[in-house]
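Participant: Dropping in entry.txt, with compact mmCIF, N, CA and C atoms.
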```txt
# COMPACT_ATOMS: atom_id res chain seq x y z
N MET R 28 149.53 109.45 130.31
CA MET R 28 149.62 108.61 131.48
C MET R 28 150.84 107.70 131.36
N GLU R 29 151.51 107.55 132.46
CA GLU R 29 152.66 106.66 132.48
C GLU R 29 152.23 105.27 132.91
N GLU R 30 152.94 104.28 132.39
CA GLU R 30 152.61 102.91 132.70
C GLU R 30 153.86 102.24 133.27
N LEU R 31 153.69 101.51 134.35
CA LEU R 31 154.78 100.79 134.99
C LEU R 31 154.40 99.31 135.00
N ILE R 32 155.26 98.47 134.43
CA ILE R 32 154.99 97.04 134.40
C ILE R 32 156.12 96.32 135.10
N LEU R 33 155.78 95.49 136.07
CA LEU R 33 156.76 94.68 136.79
C LEU R 33 156.80 93.31 136.12
N VAL R 34 158.00 92.90 135.69
CA VAL R 34 158.15 91.62 135.01
C VAL R 34 159.11 90.76 135.81
N LEU R 35 158.67 89.56 136.20
CA LEU R 35 159.51 88.60 136.91
C LEU R 35 159.58 87.32 136.10
N ASP R 36 160.78 86.82 135.87
CA ASP R 36 160.98 85.57 135.13
C ASP R 36 160.29 85.59 133.77
N GLY R 37 160.29 86.75 133.12
CA GLY R 37 159.75 86.83 131.79
C GLY R 37 158.24 86.92 131.71
N GLU R 38 157.53 86.89 132.85
CA GLU R 38 156.08 86.98 132.83
C GLU R 38 155.63 88.27 133.49
N GLU R 39 154.66 88.90 132.88
CA GLU R 39 154.12 90.14 133.43
C GLU R 39 153.38 89.84 134.73
N GLU R 40 153.78 90.52 135.81
CA GLU R 40 153.20 90.27 137.13
C GLU R 40 152.26 91.38 137.59
N LEU R 41 152.59 92.61 137.26
CA LEU R 41 151.82 93.73 137.76
C LEU R 41 151.86 94.86 136.76
N GLU R 42 150.74 95.45 136.51
CA GLU R 42 150.67 96.61 135.63
C GLU R 42 150.01 97.74 136.40
N LEU R 43 150.67 98.88 136.45
CA LEU R 43 150.15 100.03 137.17
C LEU R 43 150.16 101.22 136.23
N ILE R 44 149.00 101.79 136.01
CA ILE R 44 148.91 103.00 135.21
C ILE R 44 148.89 104.16 136.18
N LEU R 45 149.94 104.97 136.17
CA LEU R 45 150.11 106.00 137.19
C LEU R 45 149.01 107.04 137.18
N GLY R 46 148.42 107.29 136.06
CA GLY R 46 147.32 108.25 136.01
C GLY R 46 146.15 107.81 136.88
N ASP R 47 145.97 106.50 137.09
CA ASP R 47 144.90 105.99 137.92
C ASP R 47 145.24 106.10 139.40
N ALA R 48 146.53 106.04 139.74
CA ALA R 48 146.95 106.00 141.14
C ALA R 48 147.33 107.37 141.68
N VAL R 49 147.74 108.26 140.83
CA VAL R 49 148.21 109.57 141.27
C VAL R 49 147.23 110.62 140.75
N GLY R 50 146.70 111.40 141.62
CA GLY R 50 145.76 112.43 141.21
C GLY R 50 145.98 113.68 142.02
N GLU R 51 145.02 114.55 141.97
CA GLU R 51 145.12 115.78 142.74
C GLU R 51 144.80 115.52 144.21
N TYR R 52 145.26 116.39 145.05
CA TYR R 52 145.00 116.28 146.49
C TYR R 52 143.51 116.43 146.76
N VAL R 53 142.98 115.52 147.55
CA VAL R 53 141.57 115.58 147.96
C VAL R 53 141.56 115.81 149.47
N PRO R 54 141.04 116.95 149.92
CA PRO R 54 141.05 117.22 151.36
C PRO R 54 140.12 116.29 152.12
N PRO R 55 140.46 115.98 153.36
CA PRO R 55 139.59 115.11 154.16
C PRO R 55 138.34 115.85 154.61
N TYR R 56 137.26 115.11 154.78
CA TYR R 56 136.03 115.66 155.35
C TYR R 56 136.27 115.81 156.85
N GLU R 57 136.01 116.97 157.38
CA GLU R 57 136.28 117.24 158.80
C GLU R 57 135.00 117.49 159.60
N GLY R 58 133.85 117.18 159.02
CA GLY R 58 132.59 117.39 159.71
C GLY R 58 132.21 116.20 160.57
N GLU R 59 130.95 116.19 160.98
CA GLU R 59 130.43 115.13 161.84
C GLU R 59 130.29 113.82 161.08
N TYR R 60 130.58 112.74 161.75
CA TYR R 60 130.38 111.40 161.18
C TYR R 60 129.21 110.69 161.84
N GLU R 61 128.62 111.29 162.86
CA GLU R 61 127.42 110.78 163.51
C GLU R 61 126.42 111.92 163.59
N VAL R 62 125.24 111.71 163.02
CA VAL R 62 124.23 112.76 163.00
C VAL R 62 122.87 112.19 163.41
N THR R 63 122.05 113.05 163.99
CA THR R 63 120.67 112.72 164.31
C THR R 63 119.80 113.55 163.37
N PRO R 64 118.82 112.94 162.70
CA PRO R 64 117.96 113.69 161.80
C PRO R 64 117.29 114.87 162.52
N GLN R 65 117.15 115.96 161.80
CA GLN R 65 116.52 117.16 162.33
C GLN R 65 115.17 117.36 161.64
N LEU R 66 114.41 118.32 162.10
CA LEU R 66 113.13 118.64 161.48
C LEU R 66 113.31 119.42 160.18
N THR R 67 114.48 120.00 160.01
CA THR R 67 114.78 120.72 158.77
C THR R 67 115.88 119.97 158.02
N GLU R 68 116.07 120.33 156.79
CA GLU R 68 117.08 119.67 155.94
C GLU R 68 118.48 119.84 156.51
N GLN R 69 119.27 118.78 156.43
CA GLN R 69 120.67 118.83 156.85
C GLN R 69 121.54 118.51 155.65
N VAL R 70 122.65 119.18 155.54
CA VAL R 70 123.61 118.90 154.48
C VAL R 70 124.96 118.67 155.13
N LEU R 71 125.54 117.50 154.88
CA LEU R 71 126.90 117.24 155.31
C LEU R 71 127.80 117.64 154.15
N GLU R 72 128.68 118.58 154.36
CA GLU R 72 129.51 119.14 153.29
C GLU R 72 130.60 118.15 152.90
N THR R 73 130.23 117.10 152.16
CA THR R 73 131.16 116.03 151.80
C THR R 73 131.63 116.10 150.35
N SER R 74 131.00 116.92 149.54
CA SER R 74 131.35 116.99 148.12
C SER R 74 132.81 117.37 147.93
N GLY R 75 133.53 116.56 147.15
CA GLY R 75 134.94 116.85 146.88
C GLY R 75 135.86 116.55 148.04
N LYS R 76 135.37 115.83 149.05
CA LYS R 76 136.18 115.52 150.23
C LYS R 76 136.42 114.01 150.33
N LYS R 77 137.49 113.65 150.98
CA LYS R 77 137.80 112.24 151.22
C LYS R 77 137.20 111.85 152.56
N MET R 78 136.33 110.83 152.53
CA MET R 78 135.69 110.36 153.76
C MET R 78 136.62 109.36 154.44
N LEU R 79 136.85 109.53 155.73
CA LEU R 79 137.75 108.66 156.47
C LEU R 79 137.02 107.52 157.16
N ASP R 80 135.69 107.59 157.20
CA ASP R 80 134.89 106.57 157.87
C ASP R 80 133.47 106.63 157.32
N ASP R 81 132.63 105.70 157.76
CA ASP R 81 131.22 105.72 157.39
C ASP R 81 130.50 106.80 158.20
N VAL R 82 129.41 107.32 157.64
CA VAL R 82 128.55 108.25 158.37
C VAL R 82 127.43 107.43 159.02
N THR R 83 127.20 107.66 160.30
CA THR R 83 126.11 107.00 161.02
C THR R 83 124.99 107.99 161.23
N VAL R 84 123.79 107.62 160.75
CA VAL R 84 122.60 108.45 160.97
C VAL R 84 121.82 107.76 162.08
N ARG R 85 121.75 108.44 163.24
CA ARG R 85 121.07 107.86 164.40
C ARG R 85 119.56 107.81 164.18
N MET R 86 118.90 107.01 165.01
CA MET R 86 117.44 106.96 164.97
C MET R 86 116.86 108.30 165.40
N ILE R 87 115.70 108.61 164.87
CA ILE R 87 114.98 109.79 165.34
C ILE R 87 114.48 109.48 166.75
N PRO R 88 114.76 110.36 167.72
CA PRO R 88 114.29 110.09 169.09
C PRO R 88 112.76 110.01 169.16
N ILE R 89 112.26 108.96 169.79
CA ILE R 89 110.82 108.75 169.94
C ILE R 89 110.52 108.48 171.42
N THR R 90 109.51 109.16 171.95
CA THR R 90 109.09 108.96 173.33
C THR R 90 107.60 108.61 173.34
N TYR R 91 107.24 107.57 174.10
CA TYR R 91 105.84 107.15 174.24
C TYR R 91 105.38 107.50 175.66
N THR R 92 104.21 108.08 175.78
CA THR R 92 103.62 108.34 177.09
C THR R 92 102.14 107.95 177.05
N THR R 93 101.62 107.62 178.22
CA THR R 93 100.19 107.32 178.28
C THR R 93 99.42 108.64 178.29
N ASN R 94 98.17 108.58 177.82
CA ASN R 94 97.35 109.78 177.83
C ASN R 94 96.05 109.48 178.57
N PRO R 95 95.25 110.52 178.86
CA PRO R 95 94.03 110.33 179.66
C PRO R 95 92.97 109.46 178.99
N TYR R 96 93.14 109.10 177.73
CA TYR R 96 92.14 108.33 177.01
C TYR R 96 92.54 106.85 176.87
N ASN R 97 93.43 106.39 177.79
CA ASN R 97 93.94 105.02 177.79
C ASN R 97 94.67 104.65 176.50
N GLY R 98 95.29 105.64 175.93
CA GLY R 98 96.08 105.40 174.72
C GLY R 98 97.51 105.83 174.94
N LYS R 99 98.25 105.85 173.88
CA LYS R 99 99.64 106.29 173.91
C LYS R 99 99.79 107.56 173.08
N THR R 100 100.59 108.47 173.58
CA THR R 100 100.98 109.65 172.83
C THR R 100 102.43 109.45 172.43
N VAL R 101 102.72 109.72 171.17
CA VAL R 101 104.06 109.55 170.65
C VAL R 101 104.65 110.92 170.37
N LEU R 102 105.82 111.17 170.91
CA LEU R 102 106.57 112.40 170.64
C LEU R 102 107.75 112.02 169.77
N ILE R 103 107.78 112.55 168.57
CA ILE R 103 108.86 112.24 167.63
C ILE R 103 109.74 113.48 167.50
N GLY R 104 111.02 113.27 167.72
CA GLY R 104 111.99 114.36 167.56
C GLY R 104 112.47 114.93 168.83
```
Output the file's structure as structure tokens, nothing else.

Facilitator:
Amino acid sequence: MEELILVLDGEEELELILGDAVGEYVPPYEGEYEVTPQLTEQVLETSGKKMLDDVTVRMIPITYTTNPYNGKTVLIG
């Protein structure tokens, strides 16, 4: 690893180890950044990719309706 040290007025100001800053190319993630949970497993293919933003996982859609027994029926998904 190469080391670069910036010295101003005789005092060390900045130390950069190039092995930490320079690495191999990491491709960007090009998939969805907003997802809604499904009934089956979902995999976002992010392994080994550079994420450009946060991933947003939306709420599971829920619908409430009245039923003939004076109650509520909940539909999830």

Participant: Write out as a list in words the set of residues from chain R that DSSP, computed on the backbone, places in strand (DSSP E or B).

Facilitator: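 The strand (DSSP E or B) subset of chain R is Glu30, Leu31, Ile32, Leu33, Val34, Leu35, Glu38, Glu39, Glu40, Leu41, Glu42, Leu43, Ile44, Pro55, Glu61, Val62, Lys77, Thr83, Val84, Ile89, Thr90, Tyr91, Thr92, Thr93, Lys99, Thr100, Val101, Leu102 and Ile103 of chain R.
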
Participant: Hey, what's within 8 Å of Lys76 of chain R if we count only C-alpha atoms and toss same-chain stuff fewer than 3 positions away? As a ChimeraX atom specification, please?

Facilitator: /R:53-56,73

Participant: Can you tell me, as a VMD selection string, which residues in segment 29-93 of chain R count as alpha helix (DSSP H) by DSSP?

Facilitator: chain R and resid 45 to 48

Participant: Take atom CA of Met86 of chain R and atom N of Thr100 of chain R and report the distance between them in Å, one decimal.

Facilitator: 19.0 Å

Participant: Which residue is closest to Glu57 of chain R? Choose from R:Val101, R:Ile87, R:Ile32, R:Leu79 and count all atoms listed in the file.

Facilitator: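 Distance minimum relative to Glu57 of chain R lands on R:Leu79.
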
Participant: Could you pull the residues within 5 Å of Val82 of chain R, counting all atoms listed in the file, minus those fewer than 2 positions along the same chain, as a list in words?

Facilitator: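 Neighbouring residues, sequence-local ones excluded: Tyr60, Asp80 and Val84 of chain R.
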
Participant: Measure the distance from atom CA of Gly98 of chain R to atom CA of Leu66 of chain R in Å and round it to one decimal.

Facilitator: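 Atom-to-atom, atom CA of Gly98 of chain R and atom CA of Leu66 of chain R are spaced 25.3 Å apart.
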
Participant: Atom N of Glu42 of chain R and atom CA of Lys77 of chain R are how many Å apart?

Facilitator: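 Going from atom N of Glu42 of chain R over to atom CA of Lys77 of chain R, I get 25.8 Å.
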
Participant: Identify, on the basis of all atoms listed in the file, every residue whose closest approach to Glu59 of chain R does not exceed 8 Å; exclude the query and any residue fewer than 3 positions from it along the same chain; express the result as a list in words.

Facilitator: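 Within the cut-off, the hits are Tyr56, Val62, Leu71, Glu72, Asp81, Val82 and Thr83 of chain R.
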